[in-house]
Amino acid sequence: MRLVVVGCGYVGLVSGACFAELGHEVVCVDTDVGRIKGLKAGMVPIFEPGLAQMIGRTVAAGRLRFAAELPDLDEAVDAAFIAVGTPPSPDGHGADLRHVYAVAEAMAGRAVRRLLVVTKSTVPVGTGDMIEAIIRARRPDLELDVASNPEFLREGSALHDFMKPDRIVLGSGSPEAIATLQAIYAPITQFGVPVLSTGRKGAELIKYAANAFLAVKITFINEIADLCESVGTDIDDVADGIGLDRRIGRAFLEAGPGYGGSCFPKDTAALIATAQDWAVNLRLVETTIASNDARKRSLARRVAVAMGGSVNGKRIAVLGLTFKPNTDDMRDAPSIALVAALQRAGATLKVYDPEGMPQARSMLSNVEFAVNAYDCAENADCVVVMTDWDEFSTLDYDKLANLVRMRLVVDLRNKLDKDRLRVAGFTVASIGRPAQGPAVLAPQPASKAASDGPGRSPRLRAVNGSAPGHLPAAQEVARPDAIAIP
Ligand SMILES: NC(=O)c1ccc[n+]([C@@H]2O[C@H](COP(=O)([O-])OP(=O)(O)OC[C@H]3O[C@@H](n4cnc5c(N)ncnc54)[C@H](O)[C@@H]3O)[C@@H](O)[C@H]2O)c1
């Protein structure tokens with residue numbers, strides 16, 4: 001089938017490449033001329049695992065091309081997808097739909113006789129009606145359908161999520177539009193992926209409701225994590241214990257620094273705006289937003305607590321800047337608020353991210369940019385792990401211990417092996433667990449030290465060395481809310 005995808009960002013590029021991989025002929029369009037020029041020259045503007053290879057493959061096969069201008073939307077085009085950004089509105093109320101409406105105008109200008117517009121961008125309920133009104137106003141002659149097909153991919157695993165989704169949601173009152181969309185997705189749905197066909201408004205709302213629910217779930221576990229710290233128990237055990245309940249599920253019960261990224265913050269806010277427009281209260285979502293904002297503001301205080309009460313004059317290494325691993329996306333990343341707050345409190349920052357450095361350079365000021373994790377940690381008083389990139393879990397902690405002055409790690413993702421860190425001499429402060437000091441170590445026989453493999457201290461071993469979970473008790477720390485951070 002022949003498809004046009006408008007918008008070459010995280011969603012548009014992934015969708016276009018995946019559609020082409022499925023065998024369709026796809027033109028991806030973007031008004032960013034530099035981006036299109038780069039794509040034509042083989043440069044992929046975003047980091048998403050596997051995407052560059054898939055684009056290379058499908059371009060070489062002649063099924064994917066790029067254009068800075070919308071082509072004619074003639075009879076040969078089966079569907080034209082809108083995948084442009086819907087950032088927060090400048091007036092603070094809901095989503096900014098200017099890009100979506102600009103595409104609708106452009107499509108009206110390029111349509112020939114018959115047009116199926118499919119909205120993949122996340123748009124508030126009723127946006128499909130507006131798109132239809134815009135196009136009909138300019139082109140009353142057209143045979144027009146406007147459908148909603150929200151996208152649920154996650155950055156970092158976007159190709160997998162697109163090709164093997166939990167479900168595909170199709171929203172339209174037109175049986176012809178639904179049939180065309182079913183045919184487009186047939187190479188995926190033939191393997192049993194559920195397809196939910198509903199009205200356009202239902203599809204639009206499903207996307208916001210899904211994101212809001214996930215934001216609530218993350219925020220819930222973060223609040224329970226705070227309680228774990230106060231009462232002195234471990235959030236991972238609590239998350240496992242409730243996550244094993246099939247009605248709850250373990251996914252999205254990872255305590256951390258609060259949600260960020262290009263979707264949850266803006267989508268929860270846009271959902272509230274829609275509810276307000278319809279005079280409906282969504283108090284749970286409102287509270288979630290407030291709780292998450294407060295959490296992001298409290299991150300610097302956590303670091304200060306771990307450092308004994310103040311970060312003034314301290315050198316802090318931040319590992320990980322993107323809002324999650326396996327993406328270069330820095331939009332609304334919690335690291336931005338953390339870095340700014342630590343700077344206001346008098347700390348000097350050196351930062352490192354495996355893929356996010358280009359975006360970080362344009363978003364963070366007065367920080368030193370490191371070339372790798374060890375360079376970042378050198379001469380730092382403390383290391384803060386902000387994003388759980390795999391490469392941080394496999395660092396040589398003995399080497400790290402020789403670089404960090406206070407031998408303190410604040411792990412805001414709970415992904416580093418705290419027992420291995422403690423054996424290397426670190427104090428570890430994490431989320432939803434009491435902070436723990438270095439393992440108490442004892443000299444070991446020379447023969448044993450010689451047989452130790454890499455990654456273990458050649459000199460020392462934990463005195464209670466059997467199970468890492470039985471390392472010595474936590475050290476007492478002040479509560480985060482007892483420390484003031486401007
Ligand atoms: N990023 C995600 O993980 C994700 C997941 C699901 C849904 N979504 C939704 O998908 C939409 C796109 O998100 P994204 O992250 O891909 O955005 P993005 O900012 O990465 O990309 C948007 C692209 O659209 C282009 N664009 C803007 N106006 C245009 C126009 N008039 N004509 C052609 N191109 C234009 C921009 O130049 C940019 O390249 C949003 O509504 C978002 O909420 C995003």
# chains A, B, ... in the order shown; residues from 1 in each chain; ligands from 1
call {"tool": "closest_atom_pairs", "arguments": {"of": "region 184-226 of chain A", "to": "region 130-153 of chain A", "cutoff": "7 Å", "atoms": "only C-alpha atoms", "output": "tab-separated table"}}
result
residue	atom	partner	partner_atom	distance
A:Arg200	CA	A:Ser148	CA	5.5
A:Ala203	CA	A:Ser148	CA	6.1
A:Glu204	CA	A:Ser148	CA	6.5
A:Lys207	CA	A:Pro150	CA	6.1
call {"tool": "residues_near_ligand", "arguments": {"ligand": "ligand 1", "cutoff": "6 Å", "atoms": "only C-alpha atoms and all ligand atoms", "output": "ChimeraX atom specification"}}
result
/A:6-12,29-32,83-86,99,102-103,121-122,151-155,262-263
call {"tool": "write_last_selection", "arguments": {"atoms": "C-alpha atoms", "output": "PDB file, in the first residue's frame"}}
result
ATOM      1  CA  VAL A   6       3.984  13.705   7.961  1.00  0.00           C
ATOM      2  CA  GLY A   7       6.503  14.465  10.717  1.00  0.00           C
ATOM      3  CA  CYS A   8       9.943  12.850  10.892  1.00  0.00           C
ATOM      4  CA  GLY A   9      10.404  12.793  14.668  1.00  0.00           C
ATOM      5  CA  TYR A  10      10.462   9.854  17.078  1.00  0.00           C
ATOM      6  CA  VAL A  11       6.988   8.668  16.054  1.00  0.00           C
ATOM      7  CA  GLY A  12       6.926   9.628  12.371  1.00  0.00           C
ATOM      8  CA  VAL A  29       7.628  14.354   5.055  1.00  0.00           C
ATOM      9  CA  ASP A  30       8.987  17.067   7.337  1.00  0.00           C
ATOM     10  CA  THR A  31       9.096  20.852   7.051  1.00  0.00           C
ATOM     11  CA  ASP A  32      12.543  20.794   8.682  1.00  0.00           C
ATOM     12  CA  ALA A  83       2.771  12.389  13.230  1.00  0.00           C
ATOM     13  CA  VAL A  84       3.857  15.924  14.113  1.00  0.00           C
ATOM     14  CA  GLY A  85       4.511  17.196  17.627  1.00  0.00           C
ATOM     15  CA  THR A  86       1.758  18.309  20.015  1.00  0.00           C
ATOM     16  CA  HIS A  99       1.427  21.771  13.777  1.00  0.00           C
ATOM     17  CA  ALA A 102      -0.977  23.189   9.611  1.00  0.00           C
ATOM     18  CA  VAL A 103      -0.666  19.638   8.268  1.00  0.00           C
ATOM     19  CA  SER A 121      -0.045  12.380  16.977  1.00  0.00           C
ATOM     20  CA  THR A 122      -1.456  12.400  20.504  1.00  0.00           C
ATOM     21  CA  GLU A 151       0.671   5.444  18.866  1.00  0.00           C
ATOM     22  CA  PHE A 152       1.825   3.628  22.023  1.00  0.00           C
ATOM     23  CA  LEU A 153       5.500   3.042  21.215  1.00  0.00           C
ATOM     24  CA  ARG A 154       8.094   3.742  23.900  1.00  0.00           C
ATOM     25  CA  GLU A 155      11.305   5.504  22.985  1.00  0.00           C
ATOM     26  CA  SER A 262       8.169  14.134  25.932  1.00  0.00           C
ATOM     27  CA  CYS A 263       4.819  12.455  26.676  1.00  0.00           C
TER      28      CYS A 263
END
call {"tool": "residues_around", "arguments": {"residues": "region 354-357 of chain A", "least_positions_apart": "4", "cutoff": "7 Å", "atoms": "only C-alpha atoms", "output": "list in words"}}
result
Leu321, Thr322, Thr327, Asp328, Asp329, Met330 and Arg361 of chain A
call {"tool": "closest_residue", "arguments": {"among": "A:Phe220, A:Trp389, A:Phe19, A:Phe426", "to": "Arg405 (chain A)", "atoms": "only C-alpha atoms"}}
result
A:Phe426
call {"tool": "residues_around", "arguments": {"residues": "Arg110 (chain A)", "least_positions_apart": "3", "cutoff": "7 Å", "atoms": "only C-alpha atoms", "output": "NGL selection string"}}
result
:A and (71-73 or 106-107)
call {"tool": "closest_residue", "arguments": {"among": "A:Asp226, A:Asp277, A:Asp293, A:Asp237", "to": "Ser430 (chain A)", "atoms": "only C-alpha atoms"}}
result
A:Asp226
call {"tool": "closest_residue", "arguments": {"among": "A:Ala294, A:Phe66, A:Val285, A:Gln276", "to": "Glu223 (chain A)", "atoms": "only C-alpha atoms"}}
result
A:Ala294
call {"tool": "atom_distance", "arguments": {"atom1": "CA of Ser157 (chain A)", "atom2": "CA of Gly261 (chain A)"}}
result
14.4 Å
call {"tool": "select_by_dssp", "arguments": {"residues": "region 76-173 of chain A", "states": "helix (DSSP H, G or I)", "output": "compact mmCIF listing (two decimals) with N, CA and C atoms, in the first residue's frame"}}
result
# COMPACT_ATOMS: atom_id res chain seq x y z
N ARG A 98 -1.06 23.59 16.73
CA ARG A 98 -0.75 24.36 15.51
C ARG A 98 -0.15 23.49 14.41
N HIS A 99 0.77 22.60 14.80
CA HIS A 99 1.43 21.77 13.78
C HIS A 99 0.43 20.82 13.13
N VAL A 100 -0.46 20.26 13.95
CA VAL A 100 -1.46 19.33 13.42
C VAL A 100 -2.38 20.05 12.43
N TYR A 101 -2.81 21.23 12.82
CA TYR A 101 -3.73 21.96 11.93
C TYR A 101 -3.02 22.45 10.67
N ALA A 102 -1.74 22.79 10.81
CA ALA A 102 -0.98 23.19 9.61
C ALA A 102 -0.89 22.02 8.62
N VAL A 103 -0.72 20.82 9.15
CA VAL A 103 -0.67 19.64 8.27
C VAL A 103 -2.03 19.43 7.61
N ALA A 104 -3.11 19.63 8.39
CA ALA A 104 -4.47 19.47 7.82
C ALA A 104 -4.66 20.43 6.65
N GLU A 105 -4.22 21.68 6.84
CA GLU A 105 -4.31 22.69 5.76
C GLU A 105 -3.52 22.23 4.54
N ALA A 106 -2.30 21.78 4.80
CA ALA A 106 -1.43 21.36 3.69
C ALA A 106 -2.03 20.17 2.96
N MET A 107 -2.62 19.23 3.72
CA MET A 107 -3.22 18.05 3.08
C MET A 107 -4.42 18.47 2.22
N ALA A 108 -5.18 19.43 2.73
CA ALA A 108 -6.33 19.91 1.94
C ALA A 108 -5.84 20.46 0.60
N GLY A 109 -4.69 21.14 0.65
CA GLY A 109 -4.14 21.72 -0.58
C GLY A 109 -3.61 20.67 -1.56
N ARG A 110 -3.21 19.53 -1.05
CA ARG A 110 -2.57 18.51 -1.90
C ARG A 110 -3.50 17.37 -2.30
N THR A 127 -10.15 16.66 18.35
CA THR A 127 -9.21 17.20 17.35
C THR A 127 -9.52 16.64 15.96
N GLY A 128 -9.92 15.37 15.90
CA GLY A 128 -10.30 14.79 14.61
C GLY A 128 -11.44 15.58 13.97
N ASP A 129 -12.38 16.04 14.80
CA ASP A 129 -13.49 16.85 14.26
C ASP A 129 -12.94 18.15 13.66
N MET A 130 -11.97 18.75 14.36
CA MET A 130 -11.39 20.02 13.87
C MET A 130 -10.63 19.80 12.56
N ILE A 131 -9.86 18.69 12.51
CA ILE A 131 -9.10 18.40 11.28
C ILE A 131 -10.08 18.24 10.12
N GLU A 132 -11.14 17.52 10.38
CA GLU A 132 -12.15 17.30 9.33
C GLU A 132 -12.75 18.64 8.89
N ALA A 133 -13.06 19.50 9.88
CA ALA A 133 -13.67 20.80 9.55
C ALA A 133 -12.71 21.65 8.72
N ILE A 134 -11.42 21.64 9.09
CA ILE A 134 -10.42 22.45 8.36
C ILE A 134 -10.35 21.99 6.90
N ILE A 135 -10.29 20.69 6.71
CA ILE A 135 -10.12 20.18 5.33
C ILE A 135 -11.41 20.39 4.53
N ARG A 136 -12.55 20.13 5.18
CA ARG A 136 -13.83 20.29 4.45
C ARG A 136 -14.06 21.75 4.06
N ALA A 137 -13.62 22.68 4.94
CA ALA A 137 -13.82 24.10 4.63
C ALA A 137 -13.09 24.48 3.34
N ARG A 138 -11.89 23.92 3.16
CA ARG A 138 -11.11 24.25 1.95
C ARG A 138 -11.50 23.39 0.77
N ALA A 158 11.20 1.37 20.53
CA ALA A 158 10.13 1.82 19.62
C ALA A 158 9.88 0.84 18.47
N LEU A 159 10.94 0.26 17.90
CA LEU A 159 10.72 -0.65 16.77
C LEU A 159 9.97 -1.89 17.23
N HIS A 160 10.39 -2.44 18.34
CA HIS A 160 9.70 -3.61 18.90
C HIS A 160 8.25 -3.26 19.20
N ASP A 161 8.04 -2.12 19.84
CA ASP A 161 6.67 -1.75 20.24
C ASP A 161 5.78 -1.55 19.03
N PHE A 162 6.35 -1.00 17.95
CA PHE A 162 5.54 -0.77 16.76
C PHE A 162 5.20 -2.09 16.07
N MET A 163 6.19 -2.97 16.00
CA MET A 163 6.00 -4.23 15.27
C MET A 163 5.24 -5.27 16.09
call {"tool": "atom_distance", "arguments": {"atom1": "CA of Gly34 (chain A)", "atom2": "CA of Leu22 (chain A)"}}
result
27.2 Å
call {"tool": "closest_residue", "arguments": {"among": "A:Ala340, A:Ile221, A:Ile55, A:Ala279", "to": "Ala251 (chain A)", "atoms": "only C-alpha atoms"}}
result
A:Ile221
call {"tool": "closest_residue", "arguments": {"among": "A:Gly62, A:Gly126, A:Gly38, A:Gly94", "to": "Ala20 (chain A)", "atoms": "only C-alpha atoms"}}
result
A:Gly62
call {"tool": "closest_residue", "arguments": {"among": "A:Ala273, A:Val423, A:Leu349, A:Ile242", "to": "Ala380 (chain A)", "atoms": "only C-alpha atoms"}}
result
A:Leu349
call {"tool": "select_by_dssp", "arguments": {"residues": "region 96-147 of chain A", "states": "strand (DSSP E or B)", "output": "list in words"}}
result
Ala111, Arg114, Leu115, Leu116, Val117, Val118, Thr119, Glu143, Leu144, Asp145, Val146 and Ala147 of chain A
call {"tool": "write_last_selection", "arguments": {"atoms": "C-alpha atoms", "output": "compact mmCIF listing (two decimals), in the first residue's frame"}}
result
# COMPACT_ATOMS: atom_id res chain seq x y z
CA ALA A 111 -5.56 16.16 -1.91
CA ARG A 114 -10.27 11.08 -2.10
CA LEU A 115 -8.33 11.31 1.18
CA LEU A 116 -7.94 9.23 4.33
CA VAL A 117 -6.20 11.26 7.05
CA VAL A 118 -4.97 9.25 10.04
CA THR A 119 -3.92 11.05 13.21
CA GLU A 143 -14.25 12.29 -0.41
CA LEU A 144 -12.78 12.57 3.09
CA ASP A 145 -12.27 10.35 6.12
CA VAL A 146 -10.36 11.38 9.24
CA ALA A 147 -9.41 8.51 11.54
